[in-house]
file data_17.cif (mmCIF, C-alpha atoms and all ligand atoms)
data_coords
#
loop_
_atom_site.label_atom_id
_atom_site.label_comp_id
_atom_site.auth_asym_id
_atom_site.auth_seq_id
_atom_site.Cartn_x
_atom_site.Cartn_y
_atom_site.Cartn_z
CA MET A 369 -26.60 59.95 30.29
CA THR A 370 -23.12 58.48 30.60
CA ALA A 371 -21.80 56.50 27.65
CA GLN A 372 -21.89 52.77 28.11
CA LYS A 373 -18.50 51.14 28.53
CA PRO A 374 -17.75 49.03 25.45
CA LEU A 375 -17.73 45.27 25.95
CA SER A 376 -14.24 43.86 25.90
CA LEU A 377 -14.01 40.91 23.52
CA VAL A 378 -11.42 38.18 23.09
CA ILE A 379 -12.04 36.41 19.78
CA LEU A 380 -10.82 32.85 19.20
CA ILE A 381 -10.25 31.74 15.61
CA SER A 382 -8.70 28.84 13.73
CA GLY A 383 -8.68 30.01 10.13
CA ARG A 384 -10.11 32.55 7.74
CA GLY A 385 -11.67 34.71 10.44
CA SER A 386 -14.38 36.34 8.34
CA ASN A 387 -16.76 36.45 11.32
CA MET A 388 -14.04 38.16 13.35
CA VAL A 389 -13.66 40.70 10.52
CA SER A 390 -17.41 41.37 10.54
CA ILE A 391 -17.26 42.13 14.28
CA VAL A 392 -14.26 44.46 13.89
CA GLU A 393 -15.99 46.25 11.01
CA ALA A 394 -19.22 46.64 13.00
CA ILE A 395 -17.21 48.26 15.80
CA GLN A 396 -15.44 50.58 13.36
CA HIS A 397 -18.35 51.54 11.14
CA ASP A 398 -21.58 50.60 12.86
CA ASN A 399 -21.26 51.78 16.47
CA LEU A 400 -21.13 48.29 17.93
CA PRO A 401 -20.33 49.12 21.58
CA ALA A 402 -17.37 46.75 21.92
CA GLN A 403 -13.62 46.58 21.57
CA VAL A 404 -11.54 43.62 20.48
CA SER A 405 -8.90 43.20 23.18
CA ALA A 406 -7.20 40.25 21.47
CA VAL A 407 -7.52 37.66 18.73
CA ILE A 408 -6.15 34.25 19.64
CA SER A 409 -5.67 31.38 17.19
CA ASN A 410 -4.80 27.74 17.77
CA ARG A 411 -3.20 27.68 14.31
CA PRO A 412 -0.12 29.80 13.57
CA GLN A 413 -1.05 30.10 9.88
CA ALA A 414 -4.64 31.26 10.42
CA PRO A 415 -5.21 34.00 7.79
CA GLY A 416 -7.41 35.93 10.23
CA LEU A 417 -4.33 36.72 12.36
CA ASP A 418 -2.86 38.90 9.60
CA TYR A 419 -6.05 40.93 9.35
CA ALA A 420 -6.21 41.45 13.13
CA ALA A 421 -2.55 42.47 13.32
CA ALA A 422 -3.10 44.97 10.50
CA GLN A 423 -5.86 46.49 12.65
CA TYR A 424 -3.39 46.83 15.56
CA ILE A 425 -5.30 44.23 17.57
CA PRO A 426 -3.03 42.13 19.82
CA THR A 427 -2.75 38.62 18.38
CA THR A 428 -1.44 35.41 19.91
CA THR A 429 -1.14 31.83 18.75
CA ILE A 430 -1.55 29.00 21.22
CA ASP A 431 -0.66 26.11 18.93
CA HIS A 432 -2.60 23.05 20.05
CA GLN A 433 0.05 20.82 18.49
CA ALA A 434 2.56 21.98 21.09
CA TYR A 435 0.49 20.48 23.93
CA ASP A 436 0.27 16.85 25.01
CA ASP A 437 -3.45 16.86 25.64
CA ARG A 438 -6.61 18.91 25.49
CA LEU A 439 -6.46 19.88 29.15
CA SER A 440 -2.97 21.39 29.01
CA PHE A 441 -3.86 23.25 25.80
CA ASP A 442 -7.01 24.62 27.42
CA HIS A 443 -5.04 25.71 30.51
CA ALA A 444 -2.66 27.70 28.31
CA LEU A 445 -5.56 29.13 26.33
CA ALA A 446 -7.44 30.16 29.49
CA GLU A 447 -4.31 31.81 30.87
CA GLU A 448 -3.95 33.86 27.70
CA VAL A 449 -7.64 34.81 27.62
CA ASN A 450 -7.52 35.81 31.30
CA LYS A 451 -4.78 38.33 30.63
CA TYR A 452 -7.45 40.48 29.00
CA GLN A 453 -10.25 39.92 31.54
CA PRO A 454 -12.81 40.07 28.71
CA ASP A 455 -16.56 40.53 29.10
CA LEU A 456 -17.10 38.01 26.29
CA VAL A 457 -15.07 35.21 24.72
CA ILE A 458 -16.19 34.90 21.12
CA LEU A 459 -15.67 31.63 19.25
CA ALA A 460 -15.53 32.54 15.57
CA GLY A 461 -14.60 29.49 13.53
CA PHE A 462 -12.57 28.10 16.43
CA MET A 463 -12.23 24.44 15.52
CA ARG A 464 -11.24 22.89 18.85
CA ILE A 465 -13.56 21.17 21.28
CA LEU A 466 -13.11 22.87 24.64
CA THR A 467 -12.85 20.96 27.91
CA PRO A 468 -15.54 21.27 30.60
CA GLU A 469 -12.91 23.04 32.76
CA PHE A 470 -12.52 25.79 30.17
CA VAL A 471 -16.24 26.07 29.48
CA GLN A 472 -17.06 26.35 33.21
CA GLN A 473 -14.39 28.96 33.77
CA PHE A 474 -15.95 31.24 31.14
CA SER A 475 -19.54 30.22 31.72
CA GLY A 476 -22.00 32.95 30.71
CA LYS A 477 -19.29 34.77 28.74
CA LEU A 478 -18.55 32.21 26.06
CA ILE A 479 -20.52 32.34 22.81
CA ASN A 480 -20.24 30.51 19.49
CA ILE A 481 -21.63 30.77 16.00
CA HIS A 482 -22.73 27.54 14.36
CA PRO A 483 -23.77 27.25 10.70
CA SER A 484 -27.14 25.58 11.14
CA LEU A 485 -30.51 26.18 12.70
CA LEU A 486 -29.69 24.47 15.98
CA PRO A 487 -30.70 22.06 17.40
CA LYS A 488 -30.57 20.72 13.84
CA PHE A 489 -27.19 19.66 12.43
CA THR A 490 -24.69 19.95 15.25
CA GLY A 491 -21.11 19.10 14.24
CA LEU A 492 -19.54 19.41 10.78
CA ASN A 493 -20.70 19.53 7.12
CA THR A 494 -23.92 21.22 8.11
CA HIS A 495 -24.73 22.66 4.67
CA GLN A 496 -24.51 19.36 2.80
CA ARG A 497 -26.45 17.61 5.54
CA ALA A 498 -29.23 20.22 5.35
CA ILE A 499 -29.46 19.71 1.56
CA ASP A 500 -29.41 15.91 1.90
CA ALA A 501 -32.18 16.07 4.49
CA GLY A 502 -34.36 18.08 2.09
CA GLU A 503 -34.61 21.04 4.45
CA ALA A 504 -36.60 24.02 3.13
CA GLU A 505 -34.70 26.37 5.44
CA HIS A 506 -31.19 26.48 6.82
CA GLY A 507 -29.18 29.14 8.60
CA ALA A 508 -26.92 30.01 11.49
CA SER A 509 -27.23 30.18 15.25
CA ILE A 510 -25.50 32.06 18.05
CA HIS A 511 -25.46 30.14 21.30
CA TYR A 512 -23.90 30.25 24.72
CA VAL A 513 -21.37 27.46 25.02
CA THR A 514 -21.97 24.65 27.47
CA GLU A 515 -20.23 21.33 27.90
CA GLU A 516 -22.45 19.76 25.26
CA LEU A 517 -21.03 20.28 21.73
CA ASP A 518 -23.15 22.87 19.87
CA GLY A 519 -25.75 22.25 22.57
CA GLY A 520 -25.90 25.44 24.66
CA PRO A 521 -28.91 27.79 24.67
CA VAL A 522 -29.52 29.49 21.33
CA VAL A 523 -29.92 33.28 21.57
CA LEU A 524 -30.24 34.40 17.95
CA GLN A 525 -30.72 32.77 14.54
CA ALA A 526 -30.67 33.81 10.89
CA ARG A 527 -32.59 31.83 8.27
CA VAL A 528 -32.03 31.31 4.57
CA THR A 529 -34.21 29.45 2.09
CA VAL A 530 -32.62 26.33 0.60
CA LEU A 531 -32.90 26.62 -3.20
CA PRO A 532 -33.56 23.60 -5.44
CA ASP A 533 -30.17 23.86 -7.18
CA ASP A 534 -28.14 24.67 -4.06
CA THR A 535 -24.79 22.99 -3.56
CA SER A 536 -23.02 22.94 -0.24
CA ASP A 537 -20.90 25.87 -1.49
CA THR A 538 -23.73 28.10 -2.70
CA LEU A 539 -25.71 27.48 0.47
CA ALA A 540 -22.64 28.08 2.67
CA LYS A 541 -22.04 31.39 0.94
CA ARG A 542 -25.56 32.67 1.67
CA VAL A 543 -25.43 31.43 5.26
CA LEU A 544 -22.04 33.10 5.78
CA ALA A 545 -23.42 36.44 4.57
CA GLU A 546 -26.08 36.10 7.29
CA GLU A 547 -23.48 35.09 9.89
CA HIS A 548 -21.64 38.34 9.25
CA LYS A 549 -24.73 40.31 10.30
CA LEU A 550 -25.78 37.91 13.05
CA TYR A 551 -22.65 37.94 15.23
CA PRO A 552 -22.41 41.74 15.53
CA GLU A 553 -26.17 41.85 16.24
CA ALA A 554 -25.87 39.24 19.02
CA ILE A 555 -23.00 41.17 20.62
CA ARG A 556 -25.05 44.36 20.38
CA GLN A 557 -27.99 42.68 22.11
CA ILE A 558 -25.72 41.35 24.85
CA ALA A 559 -24.30 44.86 25.32
CA THR A 560 -27.79 46.32 25.69
CA GLY A 561 -29.03 43.51 27.93
CA GLN A 562 -31.60 42.22 25.43
CA ILE A 563 -29.71 38.92 25.51
CA THR A 564 -28.66 37.68 28.93
CA PRO A 565 -26.58 34.62 29.91
CA PRO A 566 -28.41 31.44 30.90
CA LYS A 567 -29.04 31.05 34.64
C1 LIG B 601 -18.36 29.76 10.03
O1 LIG B 601 -19.21 29.18 9.09
C2 LIG B 601 -18.84 29.48 11.42
O2 LIG B 601 -20.22 29.40 11.52
C3 LIG B 601 -18.24 28.14 11.73
O3 LIG B 601 -16.97 28.17 11.10
C4 LIG B 601 -16.98 29.10 10.03
C5 LIG B 601 -15.89 30.07 10.32
O4 LIG B 601 -15.67 31.00 9.29
N1 LIG B 601 -18.20 27.93 13.16
P1 LIG B 601 -14.72 32.22 9.53
O5 LIG B 601 -13.37 31.69 10.02
O6 LIG B 601 -15.34 33.15 10.53
O7 LIG B 601 -14.58 32.86 8.18
#
call {"tool": "encode", "arguments": {"input": "data_17.cif", "output": "structure tokens", "more": "lines below"}}
Ligand code: GRF
result
Amino acid sequence: MTAQKPLSLVILISGRGSNMVSIVEAIQHDNLPAQVSAVISNRPQAPGLDYAAAQYIPTTTIDHQAYDDRLSFDHALAEEVNKYQPDLVILAGFMRILTPEFVQQFSGKLINIHPSLLPKFTGLNTHQRAIDAGEAEHGASIHYVTEELDGGPVVLQARVTVLPDDTSDTLAKRVLAEEHKLYPEAIRQIATGQITPPK
């Protein structure tokens, strides 16, 4: 049997990058059949860039503040991503809404992690909103990205129990620990064909 070619990933971040780290570590230590071709941030100060550079992963910043509008930023971003011809474009804490043009260009290759059990709690402040709503369970979702914000088909979820004394911070911490297992697992299942892009 010939070895499967690793999936080439471009990971987009805006900040801390702990999900990106979990993917890199799963490749290094857990036989995740992938390689990170580049990490791209829209923020020059994103701490995740330092980690990626220390791992000898090519890093680039496309600073959204240098562009007049969303469309021109997305054109520059797409051009950078296309240099690597990735199999998957991984949004990992990438805090920009992407234009339909960008989403269509990478349709079926673009995935995101969102800290809620979608379709519940799209958007921001998901942990506090789950507590306020009296949810018994909360979690994280991996979904293909479509033009609808946090609305594309969900492919994998992780659940945590909401505890009576949870604050947004304590709940976020437990969800994040699950996210760090969930993203590598989703990429693994895409690599093996257990998860396939929406038609
Ligand atoms: C994660 O909670 C992710 O679900 C959300 O943004 C956060 C990013 O964290 N989209 P990190 O930058 O990966 O540490």
call {"tool": "residues_around", "arguments": {"input": "data_17.cif", "residues": "region 513-525 of chain A", "least_positions_apart": "4", "cutoff": "6 Å", "atoms": "only C-alpha atoms", "output": "list in words"}}
result
Pro468, Leu478, Ile479, Thr490, Ala508 and Ser509 of chain A
call {"tool": "closest_residue", "arguments": {"input": "data_17.cif", "among": "A:Tyr512, A:Ile499, A:Pro552, A:Phe489", "to": "Thr529 (chain A)", "atoms": "all atoms listed in the file"}}
result
A:Ile499
call {"tool": "closest_residue", "arguments": {"input": "data_17.cif", "among": "A:Leu539, A:Leu466, A:Val528, A:Val449", "to": "Arg497 (chain A)", "atoms": "all atoms listed in the file"}}
result
A:Leu539
call {"tool": "residues_near_point", "arguments": {"input": "data_17.cif", "point": "(-16.0, 45.3, 14.8)", "cutoff": "12 Å", "atoms": "all atoms listed in the file", "output": "ChimeraX atom specification"}}
result
/A:374-379,386-405,420,423,425,548-549,551-553,555-556
call {"tool": "closest_atom_pairs", "arguments": {"input": "data_17.cif", "of": "chain A", "to": "ligand LIG 601 (chain B)", "cutoff": "7 Å", "atoms": "all atoms listed in the file", "output": "CSV"}}
result
residue,atom,partner,partner_atom,distance
A:Ile381,CA,B:LIG601,O5,6.4
A:Ser382,CA,B:LIG601,O5,6.6
A:Gly383,CA,B:LIG601,O5,5.0
A:Arg384,CA,B:LIG601,O5,4.1
A:Gly385,CA,B:LIG601,O5,3.5
A:Ser386,CA,B:LIG601,O7,3.5
A:Asn387,CA,B:LIG601,O6,3.7
A:Met388,CA,B:LIG601,O6,5.9
A:Ala460,CA,B:LIG601,O6,5.1
A:Gly461,CA,B:LIG601,C5,3.5
A:Phe462,CA,B:LIG601,N1,6.5
A:Ile481,CA,B:LIG601,O2,4.9
A:His482,CA,B:LIG601,O2,4.2
A:Pro483,CA,B:LIG601,O2,4.2
A:Ala508,CA,B:LIG601,O2,6.7
A:Leu544,CA,B:LIG601,O1,5.9
A:Glu547,CA,B:LIG601,O2,6.8
call {"tool": "atom_distance", "arguments": {"input": "data_17.cif", "atom1": "CA of Asn480 (chain A)", "atom2": "CA of Ser409 (chain A)"}}
result
14.8 Å
call {"tool": "closest_residue", "arguments": {"input": "data_17.cif", "among": "A:Ala434, A:Ala446, A:Leu456, A:Ala559", "to": "Lys373 (chain A)", "atoms": "all atoms listed in the file"}}
result
A:Ala559
call {"tool": "closest_residue", "arguments": {"input": "data_17.cif", "among": "A:Leu550, A:Ala406, A:Leu439, A:Ala498", "to": "Pro426 (chain A)", "atoms": "only C-alpha atoms"}}
result
A:Ala406
call {"tool": "atom_distance", "arguments": {"input": "data_17.cif", "atom1": "CA of Leu417 (chain A)", "atom2": "CA of Arg438 (chain A)"}}
result
22.2 Å
call {"tool": "atom_distance", "arguments": {"input": "data_17.cif", "atom1": "CA of Asp500 (chain A)", "atom2": "CA of Asp537 (chain A)"}}
result
13.5 Å
